[in-house]
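S.K.: The structure's right below; bear with me while I get my questions together.
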Amino acid sequence: MHNFEFVKPGTVAEAAAALTGEEAQALGGGQTLLPTMKQRLAAPETLVSLNGIAEMKGVCSNDAGEICVGGGTPHAVVSRETASSYPALSKLAGMIGDPAVRNRGTIGGSLANNDPAACYPAGVLGSGATIVTNTREIAADDYFQGMFTTALEEGEILTEVRFPVPEKADWQKFLQPASRFSLVGVFVAKFADGVRVAVTGASEDGVFRWSEAEAALSADFSAGAIAGLSVPADGMISDLHGTGAYRASLVKTLTSRAVSGA
Amino acid sequence: MTSVTITVNGQSRSGDVEGRTLLSTFLRDQLTLTGTHVGCDTSQCGACVVHVDGEAVKACSVLAADVDGAEITTIEGMANADGSLGVIQQAFQDHHGLQCGFCTPGMVMSAAALLKENPKPTEAEVRHYLEGNICRCTGYHNIVKAIMAASGQDVAPPMAAE
Ligand SMILES: Cc1cc2nc3c(=O)[nH]c(=O)nc-3n(C[C@H](O)[C@H](O)[C@H](O)COP(=O)(O)OP(=O)(O)OC[C@H]3O[C@@H](n4cnc5c(N)ncnc54)[C@H](O)[C@@H]3O)c2cc1C
Ligand code: FES
Ligand code: FES
């Protein structure tokens with residue numbers, strides 16, 4: 001790993017100022033960024049740790065009834081704190097990686113990275129959550145812009161995620177045991193005004209909503225409602241872990257399981 | 001260089017580190033606490049697990065400067081005050097929970113974190129919790145037995161390769 005200057009500000013404002021510097025990058029839990037830097041695929045000159053910013057940590061609820069998760073909150077804390085308020089989100093966070101990764105990795109880091117097989121993107125898109133940054137609010141539908149690409153600008157800090165709480169929801173992760181990411185993962189959430197189905201790990205364009213299934217499930221929230229649908233294999237990731245056709249088939253199977261599990 | 005002060009196994013320890021110095025490097029090379037092993041250095045194997053403020057983390061995936069001021073426990077802190085093996089360590093010995101021993105520090109630290117959170121885990125919970133700890137020797141059965149025994153639960157007699 002190339003050397004860099006390390007800074008650890010105590011507030012979002014100070015971190016934002018530090019990130020305006022040449023070749024400066026934010027450090028969350030480091031569970032993705034540090035391995036990337038060891039491989040020399042990233043070599044920032046300044047690393048701005050967000051781990052000293054108290055205002056970015058923790059889980060609470062707001063007047064609108066949304067669950068607000070600070071951008072610097074580790075997965076283990078999200079899992080623990082949402083166990084009764086949003087069980088499907090708790091389940092998702094509690095199945096990321098392994099215990100040591102969950103103690104360190106943060107929701108902000110996961111969403112900023114937007115790995116095509118990451119878990120949180122599905123939970124966030126499936127919940128229709130709002131991404132809050134140091135400068136603005138971004139709807140989940142506008143935030144994810146393809147593999148490893150998001151609406152975040154250079155130096156923008158993801159400070160909070162606001163989740164509306166659905167009537168029912170479930171997360172189904174088909175584990176890729178070597179990486180412990182999802183081979184495919186599906187998040188289904190039923191709100192009063194409709195159902196959202198978000199899929200990770202499958203598409204070459206990253207996380208997406210399966211709109212046909214959403215329409216069918218909004219009319220009839222049962223596994224049978226999607227029995228006649230199929231997901232095309234075009235544009236699905238094909239690699240040594242599974243073909244595009246296999247992933248397409250998993251999308252439907254996991255959606256059915258999530259509907260039954262919700 | 002940044003100056004870092006951490007409490008390791010109850011003792012305050014300081015040193016100057018570069019930005020890129022990993023916690024695992026700081027512990028092993030500067031504090032000569034070589035019990036924390038580095039198996040992969042890519043966050044996969046769990047040999048480097050230590051406790052930072054009571055929580056299991058992979059020391060190879062944390063910067064030393066980022067844990068300035070933290071309380072760290074390493075495998076060296078798991079022995080009893082008189083130097084004899086702690087309960088989990090003794091159970092690993094009694095139940096053949098190690099062969100080459102490379103993964104053992106991380107296994108013991110993960111086991112300690114599990115038992116703190118869940119003092120009487122089921123066998124399935126132990127296996128699930130060890131997801132991030134890889135052992136290439138034992139086949140895991142005796143590690144799981146050792147942890148069950150350390151939690152005060154009955155286990156079948158140790159199984160050794162004949
Ligand atoms: C063994 C292992 C297994 C894993 N399994 C899974 C899994 O099953 N599912 C899954 O989803 N993930 C998994 N991960 C990834 C893990 O969830 C990471 O924690 C996550 O992807 C990155 O979060 P981080 O806080 O560590 O971010 P970092 O690694 O610190 O940063 C990642 C990127 O985000 C940027 N960044 C960080 N925080 C912010 C912020 N608040 N605002 C703006 N930018 C920010 C950084 O600059 C960097 O570009 C796994 C990782 C490992 C090592
Ligand atoms: S050395 Fe840290 S996880 Fe392998
Ligand atoms: S005992 Fe050799 S790696 Fe586990």
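Just remember, in the structure tokens the first chain shown is A, the second B, etc., residues are 1-based per chain, and ligands are 1-based in the order shown.
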Which residues form the shell of 6 Å around ligand 2 when you count only C-alpha atoms and all ligand atoms, given as a PyMOL selection string?
M.R.: chain B and resi 38-48+58-60
S.K.: Could the residues in this selection be written to a file with N, CA and C atoms, as a CSV table (one decimal), in the first residue's frame?
M.R.:
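Wrote selection36.csv, looks like this:
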```csv
chain,number,residue,atom,x,y,z
B,38,VAL,N,-0.9,-13.0,10.6
B,38,VAL,CA,-1.4,-12.5,9.3
B,38,VAL,C,-1.3,-13.6,8.3
B,39,GLY,N,-2.5,-14.1,8.0
B,39,GLY,CA,-2.6,-15.2,7.1
B,39,GLY,C,-2.7,-14.8,5.6
B,40,CYS,N,-3.6,-13.8,5.4
B,40,CYS,CA,-3.9,-13.5,4.0
B,40,CYS,C,-3.6,-12.0,3.7
B,41,ASP,N,-3.8,-11.2,4.7
B,41,ASP,CA,-3.6,-9.7,4.6
B,41,ASP,C,-4.7,-9.2,3.6
B,42,THR,N,-5.7,-9.9,3.3
B,42,THR,CA,-6.8,-9.4,2.4
B,42,THR,C,-8.2,-9.5,3.0
B,43,SER,N,-8.3,-9.6,4.3
B,43,SER,CA,-9.5,-9.6,5.1
B,43,SER,C,-10.3,-10.8,4.9
B,44,GLN,N,-9.7,-11.9,4.5
B,44,GLN,CA,-10.5,-13.1,4.3
B,44,GLN,C,-10.3,-14.2,5.4
B,45,CYS,N,-9.2,-14.3,6.0
B,45,CYS,CA,-8.9,-15.6,6.8
B,45,CYS,C,-9.2,-15.5,8.3
B,46,GLY,N,-9.2,-14.3,8.8
B,46,GLY,CA,-9.5,-14.1,10.3
B,46,GLY,C,-8.4,-14.5,11.2
B,47,ALA,N,-7.2,-14.8,10.7
B,47,ALA,CA,-6.1,-15.2,11.6
B,47,ALA,C,-5.7,-14.0,12.5
B,48,CYS,N,-6.0,-12.8,12.0
B,48,CYS,CA,-5.5,-11.5,12.6
B,48,CYS,C,-6.6,-10.9,13.6
B,58,LYS,N,-10.7,-7.5,12.2
B,58,LYS,CA,-9.5,-8.0,11.5
B,58,LYS,C,-8.5,-6.9,11.6
B,59,ALA,N,-7.4,-7.2,12.3
B,59,ALA,CA,-6.4,-6.2,12.5
B,59,ALA,C,-5.6,-5.9,11.2
B,60,CYS,N,-5.7,-6.7,10.2
B,60,CYS,CA,-5.1,-6.4,8.9
B,60,CYS,C,-5.9,-5.4,8.1
```
S.K.: At a cut-off of 6 Å and counting only C-alpha atoms and all ligand atoms, what residues surround ligand 1? Please answer as a JSON list (two decimals) with N, CA, C and O atoms, in the first residue's frame.
M.R.:
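Final file, pocket.json:
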```json
[["chain", "number", "residue", "atom", "x", "y", "z"],
["A", 25, "GLN", "N", -9.52, 11.05, -0.06],
["A", 25, "GLN", "CA", -10.63, 10.10, -0.13],
["A", 25, "GLN", "C", -11.13, 9.78, 1.27],
["A", 25, "GLN", "O", -10.37, 9.77, 2.23],
["A", 26, "ALA", "N", -12.44, 9.50, 1.36],
["A", 26, "ALA", "CA", -13.04, 9.15, 2.65],
["A", 26, "ALA", "C", -12.70, 7.71, 3.01],
["A", 26, "ALA", "O", -12.63, 6.85, 2.15],
["A", 27, "LEU", "N", -12.52, 7.48, 4.29],
["A", 27, "LEU", "CA", -12.35, 6.12, 4.81],
["A", 27, "LEU", "C", -13.49, 5.82, 5.76],
["A", 27, "LEU", "O", -13.68, 6.51, 6.76],
["A", 28, "GLY", "N", -14.27, 4.79, 5.43],
["A", 28, "GLY", "CA", -15.31, 4.32, 6.35],
["A", 28, "GLY", "C", -14.70, 3.22, 7.19],
["A", 28, "GLY", "O", -13.68, 3.41, 7.86],
["A", 29, "GLY", "N", -15.30, 2.03, 7.13],
["A", 29, "GLY", "CA", -14.76, 0.92, 7.90],
["A", 29, "GLY", "C", -13.48, 0.35, 7.30],
["A", 29, "GLY", "O", -12.80, -0.45, 7.94],
["A", 30, "GLY", "N", -13.19, 0.71, 6.06],
["A", 30, "GLY", "CA", -11.97, 0.25, 5.41],
["A", 30, "GLY", "C", -12.02, -1.19, 4.93],
["A", 30, "GLY", "O", -11.03, -1.71, 4.43],
["A", 31, "GLN", "N", -13.17, -1.85, 5.04],
["A", 31, "GLN", "CA", -13.25, -3.27, 4.70],
["A", 31, "GLN", "C", -13.18, -3.51, 3.19],
["A", 31, "GLN", "O", -12.86, -4.61, 2.74],
["A", 32, "THR", "N", -13.47, -2.49, 2.43],
["A", 32, "THR", "CA", -13.30, -2.57, 0.97],
["A", 32, "THR", "C", -12.11, -1.72, 0.54],
["A", 32, "THR", "O", -11.27, -2.16, -0.24],
["A", 33, "LEU", "N", -12.03, -0.51, 1.07],
["A", 33, "LEU", "CA", -10.99, 0.41, 0.61],
["A", 33, "LEU", "C", -9.57, -0.05, 0.95],
["A", 33, "LEU", "O", -8.67, 0.03, 0.10],
["A", 71, "GLY", "N", -24.53, 7.43, 8.44],
["A", 71, "GLY", "CA", -23.71, 6.87, 7.37],
["A", 71, "GLY", "C", -22.48, 6.12, 7.89],
["A", 71, "GLY", "O", -21.94, 5.25, 7.21],
["A", 72, "GLY", "N", -22.05, 6.41, 9.11],
["A", 72, "GLY", "CA", -20.87, 5.75, 9.66],
["A", 72, "GLY", "C", -21.22, 4.60, 10.59],
["A", 72, "GLY", "O", -20.37, 4.15, 11.36],
["A", 96, "ILE", "N", -24.32, -9.78, 6.36],
["A", 96, "ILE", "CA", -23.21, -9.28, 5.55],
["A", 96, "ILE", "C", -21.91, -9.90, 6.05],
["A", 96, "ILE", "O", -21.62, -9.86, 7.25],
["A", 97, "GLY", "N", -21.14, -10.46, 5.12],
["A", 97, "GLY", "CA", -19.79, -10.94, 5.45],
["A", 97, "GLY", "C", -19.75, -11.82, 6.69],
["A", 97, "GLY", "O", -20.50, -12.77, 6.82],
["A", 101, "VAL", "N", -16.20, -8.31, 9.93],
["A", 101, "VAL", "CA", -16.53, -7.35, 8.87],
["A", 101, "VAL", "C", -17.71, -6.49, 9.32],
["A", 101, "VAL", "O", -17.74, -5.28, 9.12],
["A", 105, "GLY", "N", -17.32, -2.57, 8.97],
["A", 105, "GLY", "CA", -17.87, -2.02, 7.72],
["A", 105, "GLY", "C", -19.12, -1.19, 8.00],
["A", 105, "GLY", "O", -19.90, -1.51, 8.89],
["A", 106, "THR", "N", -19.29, -0.12, 7.23],
["A", 106, "THR", "CA", -20.39, 0.81, 7.48],
["A", 106, "THR", "C", -21.38, 0.86, 6.31],
["A", 106, "THR", "O", -21.02, 0.55, 5.17],
["A", 108, "GLY", "N", -22.56, 3.56, 4.99],
["A", 108, "GLY", "CA", -22.14, 4.60, 4.05],
["A", 108, "GLY", "C", -21.09, 4.09, 3.08],
["A", 108, "GLY", "O", -21.13, 4.37, 1.88],
["A", 109, "GLY", "N", -20.14, 3.31, 3.60],
["A", 109, "GLY", "CA", -19.09, 2.76, 2.75],
["A", 109, "GLY", "C", -19.65, 1.78, 1.74],
["A", 109, "GLY", "O", -19.27, 1.77, 0.57],
["A", 110, "SER", "N", -20.60, 0.97, 2.19],
["A", 110, "SER", "CA", -21.19, -0.01, 1.30],
["A", 110, "SER", "C", -21.96, 0.68, 0.17],
["A", 110, "SER", "O", -21.85, 0.31, -1.00],
["A", 112, "ALA", "N", -21.61, 3.85, -0.89],
["A", 112, "ALA", "CA", -20.73, 4.67, -1.73],
["A", 112, "ALA", "C", -20.00, 3.78, -2.74],
["A", 112, "ALA", "O", -19.78, 4.16, -3.87],
["A", 113, "ASN", "N", -19.67, 2.57, -2.28],
["A", 113, "ASN", "CA", -18.95, 1.65, -3.14],
["A", 113, "ASN", "C", -19.87, 1.04, -4.21],
["A", 113, "ASN", "O", -19.49, 0.87, -5.35],
["A", 118, "ALA", "N", -23.36, -6.27, -3.56],
["A", 118, "ALA", "CA", -23.50, -5.86, -2.17],
["A", 118, "ALA", "C", -24.96, -5.95, -1.71],
["A", 118, "ALA", "O", -25.88, -5.91, -2.53],
["A", 119, "CYS", "N", -25.14, -6.07, -0.41],
["A", 119, "CYS", "CA", -26.47, -6.31, 0.15],
["A", 119, "CYS", "C", -27.25, -5.02, 0.35],
["A", 119, "CYS", "O", -28.43, -4.93, -0.02],
["A", 120, "TYR", "N", -26.64, -4.01, 0.96],
["A", 120, "TYR", "CA", -27.39, -2.78, 1.28],
["A", 120, "TYR", "C", -28.08, -2.13, 0.07],
["A", 120, "TYR", "O", -29.19, -1.62, 0.22],
["A", 156, "GLU", "N", -18.27, 14.13, -1.79],
["A", 156, "GLU", "CA", -19.57, 14.21, -1.09],
["A", 156, "GLU", "C", -19.63, 13.09, -0.04],
["A", 156, "GLU", "O", -19.20, 11.96, -0.30],
["A", 157, "ILE", "N", -20.17, 13.41, 1.12],
["A", 157, "ILE", "CA", -20.18, 12.44, 2.22],
["A", 157, "ILE", "C", -21.60, 11.94, 2.46],
["A", 157, "ILE", "O", -22.53, 12.74, 2.63],
["A", 158, "LEU", "N", -21.76, 10.64, 2.47],
["A", 158, "LEU", "CA", -23.05, 10.05, 2.78],
["A", 158, "LEU", "C", -23.21, 10.06, 4.30],
["A", 158, "LEU", "O", -22.48, 9.36, 5.00],
["A", 159, "THR", "N", -24.11, 10.88, 4.80],
["A", 159, "THR", "CA", -24.19, 11.08, 6.25],
["A", 159, "THR", "C", -25.31, 10.27, 6.90],
["A", 159, "THR", "O", -25.24, 9.97, 8.09],
["A", 179, "SER", "N", -16.80, -15.51, -1.27],
["A", 179, "SER", "CA", -16.68, -14.08, -0.99],
["A", 179, "SER", "C", -17.56, -13.67, 0.18],
["A", 179, "SER", "O", -17.37, -12.63, 0.78],
["A", 180, "ARG", "N", -18.56, -14.49, 0.48],
["A", 180, "ARG", "CA", -19.60, -14.22, 1.47],
["A", 180, "ARG", "C", -20.51, -13.06, 1.06],
["A", 180, "ARG", "O", -21.34, -12.62, 1.83],
["A", 181, "PHE", "N", -20.39, -12.55, -0.17],
["A", 181, "PHE", "CA", -21.37, -11.63, -0.73],
["A", 181, "PHE", "C", -22.56, -12.46, -1.23],
["A", 181, "PHE", "O", -22.58, -13.68, -1.10],
["A", 182, "SER", "N", -23.53, -11.77, -1.80],
["A", 182, "SER", "CA", -24.66, -12.47, -2.42],
["A", 182, "SER", "C", -24.24, -12.96, -3.80],
["A", 182, "SER", "O", -23.66, -12.19, -4.56],
["B", 43, "SER", "N", -8.25, -9.56, 4.34],
["B", 43, "SER", "CA", -9.52, -9.57, 5.08],
["B", 43, "SER", "C", -10.33, -10.85, 4.94],
["B", 43, "SER", "O", -11.51, -10.85, 5.21],
["B", 44, "GLN", "N", -9.69, -11.93, 4.52],
["B", 44, "GLN", "CA", -10.47, -13.14, 4.25],
["B", 44, "GLN", "C", -10.35, -14.20, 5.35],
["B", 44, "GLN", "O", -11.29, -14.94, 5.58]]
```
S.K.: Determine which residues of chain B sit within 9 Å of chain A, taking into account only C-alpha atoms, and present them as a ChimeraX atom specification.
M.R.: /B:1-2,18-21,41-44,46,49,55-58,60-63,65-66,110,128-133
S.K.: Grab the CA of Leu98 (chain B) to CA of Ile72 (chain B) distance for me, in Å with one decimal place.
M.R.: 24.0 Å
S.K.: Hey, what's within 10 Å of Cys100 (chain B) if we count only C-alpha atoms and toss same-chain stuff fewer than 2 positions away? As a list in words, please?
M.R.: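 Near Cys100 (chain B), the qualifying residues are Leu98, Phe102, Cys103, Thr104, Cys135, Arg136, Cys137 and Thr138 of chain B.
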S.K.: Using only C-alpha atoms, which residues sit within 7 Å of Ile131 (chain A) once same-chain residues fewer than 3 positions away are excluded, as number ranges by chain?
M.R.: A: 137-140, 160-162
S.K.: For Thr7 (chain B), please output as a ChimeraX atom specification all residues within 8 Å (counting only C-alpha atoms; exclusion window: fewer than 6 positions along the same chain).
M.R.: /B:13,69-72
S.K.: Excluding same-chain residues fewer than 6 positions from Gly77 (chain B), what lies within 10 Å of it counting only C-alpha atoms, as a VMD selection string?
M.R.: chain B and resid 8 to 10 35 83 86 109
S.K.: Which residue is closest to ligand 3? Choose from B:Gln30, B:Asp82, B:Gln89, B:Tyr140 and count only C-alpha atoms and all ligand atoms.
M.R.: B:Tyr140
S.K.: Can you check which residues of chain B DSSP gives as alpha helix (DSSP H) on the backbone and send them as a PyMOL selection string?
M.R.: chain B and resi 23-25+87-94+104-117+123-129+141-150
S.K.: Please return as an MDAnalysis selection string: the residues of region 115-161 of chain A that backbone DSSP assigns to strand (DSSP E or B).
M.R.: chainID A and resid 130:133 137:139 144 150 158:161
S.K.: Would you mind exporting the chosen residues as a tab-separated table (two decimals), in the first residue's frame, restricted to all heavy atoms?
M.R.:
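Below is the file part08.tsv, written as the result:
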```
chain	number	residue	atom	x	y	z
A	130	THR	N	-34.16	7.16	1.43
A	130	THR	CA	-33.56	8.42	0.99
A	130	THR	C	-32.12	8.47	1.48
A	130	THR	O	-31.84	8.20	2.65
A	130	THR	CB	-34.32	9.62	1.61
A	130	THR	OG1	-35.70	9.49	1.25
A	130	THR	CG2	-33.79	10.95	1.09
A	131	ILE	N	-31.21	8.79	0.56
A	131	ILE	CA	-29.79	8.94	0.91
A	131	ILE	C	-29.57	10.40	1.24
A	131	ILE	O	-29.89	11.29	0.44
A	131	ILE	CB	-28.90	8.58	-0.30
A	131	ILE	CG1	-29.29	7.23	-0.91
A	131	ILE	CG2	-27.43	8.70	0.04
A	131	ILE	CD1	-28.78	6.03	-0.22
A	132	VAL	N	-29.00	10.65	2.42
A	132	VAL	CA	-28.73	12.03	2.82
A	132	VAL	C	-27.22	12.24	2.78
A	132	VAL	O	-26.46	11.40	3.29
A	132	VAL	CB	-29.26	12.29	4.25
A	132	VAL	CG1	-29.05	13.75	4.63
A	132	VAL	CG2	-30.73	11.91	4.35
A	133	THR	N	-26.80	13.33	2.16
A	133	THR	CA	-25.37	13.64	2.12
A	133	THR	C	-25.14	14.98	2.82
A	133	THR	O	-26.08	15.61	3.29
A	133	THR	CB	-24.83	13.71	0.68
A	133	THR	OG1	-25.25	14.95	0.09
A	133	THR	CG2	-25.32	12.56	-0.16
A	137	GLU	N	-30.38	15.61	-0.42
A	137	GLU	CA	-31.05	14.32	-0.23
A	137	GLU	C	-31.27	13.71	-1.61
A	137	GLU	O	-31.62	14.41	-2.55
A	137	GLU	CB	-32.41	14.54	0.44
A	137	GLU	CG	-32.26	15.08	1.85
A	137	GLU	CD	-33.60	15.27	2.56
A	137	GLU	OE1	-34.65	14.89	2.00
A	137	GLU	OE2	-33.58	15.80	3.67
A	138	ILE	N	-31.03	12.40	-1.70
A	138	ILE	CA	-31.16	11.72	-3.00
A	138	ILE	C	-32.08	10.52	-2.81
A	138	ILE	O	-31.87	9.70	-1.92
A	138	ILE	CB	-29.79	11.22	-3.51
A	138	ILE	CG1	-28.73	12.33	-3.45
A	138	ILE	CG2	-29.90	10.66	-4.92
A	138	ILE	CD1	-27.30	11.84	-3.62
A	139	ALA	N	-33.11	10.41	-3.69
A	139	ALA	CA	-34.00	9.24	-3.62
A	139	ALA	C	-33.22	8.02	-4.09
A	139	ALA	O	-32.40	8.11	-5.01
A	139	ALA	CB	-35.21	9.47	-4.51
A	144	PHE	N	-28.54	4.92	-7.37
A	144	PHE	CA	-27.72	3.83	-7.93
A	144	PHE	C	-27.64	3.96	-9.44
A	144	PHE	O	-28.65	3.97	-10.12
A	144	PHE	CB	-28.32	2.47	-7.54
A	144	PHE	CG	-28.39	2.27	-6.05
A	144	PHE	CD1	-29.59	2.43	-5.37
A	144	PHE	CD2	-27.25	1.97	-5.32
A	144	PHE	CE1	-29.66	2.26	-3.99
A	144	PHE	CE2	-27.31	1.80	-3.95
A	144	PHE	CZ	-28.51	1.95	-3.28
A	150	THR	N	-22.49	5.75	-8.46
A	150	THR	CA	-23.63	6.32	-7.73
A	150	THR	C	-23.75	7.80	-8.07
A	150	THR	O	-22.91	8.36	-8.77
A	150	THR	CB	-23.42	6.23	-6.20
A	150	THR	OG1	-22.38	7.15	-5.83
A	150	THR	CG2	-23.05	4.83	-5.74
A	158	LEU	N	-21.76	10.64	2.47
A	158	LEU	CA	-23.05	10.05	2.78
A	158	LEU	C	-23.21	10.06	4.30
A	158	LEU	O	-22.48	9.36	5.00
A	158	LEU	CB	-23.09	8.63	2.21
A	158	LEU	CG	-24.43	7.96	2.05
A	158	LEU	CD1	-24.33	6.79	1.08
A	158	LEU	CD2	-25.01	7.51	3.36
A	159	THR	N	-24.11	10.88	4.80
A	159	THR	CA	-24.19	11.08	6.25
A	159	THR	C	-25.31	10.27	6.90
A	159	THR	O	-25.24	9.97	8.09
A	159	THR	CB	-24.42	12.56	6.58
A	159	THR	OG1	-25.57	13.01	5.86
A	159	THR	CG2	-23.21	13.40	6.19
A	160	GLU	N	-26.35	9.94	6.12
A	160	GLU	CA	-27.49	9.25	6.74
A	160	GLU	C	-28.31	8.54	5.66
A	160	GLU	O	-28.31	8.96	4.50
A	160	GLU	CB	-28.38	10.30	7.43
A	160	GLU	CG	-29.49	9.73	8.29
A	160	GLU	CD	-30.28	10.84	9.00
A	160	GLU	OE1	-31.20	11.40	8.38
A	160	GLU	OE2	-29.96	11.13	10.16
A	161	VAL	N	-29.02	7.50	6.07
A	161	VAL	CA	-29.99	6.85	5.18
A	161	VAL	C	-31.31	6.79	5.94
A	161	VAL	O	-31.33	6.36	7.10
A	161	VAL	CB	-29.55	5.42	4.79
A	161	VAL	CG1	-30.50	4.84	3.76
A	161	VAL	CG2	-28.12	5.41	4.26
```
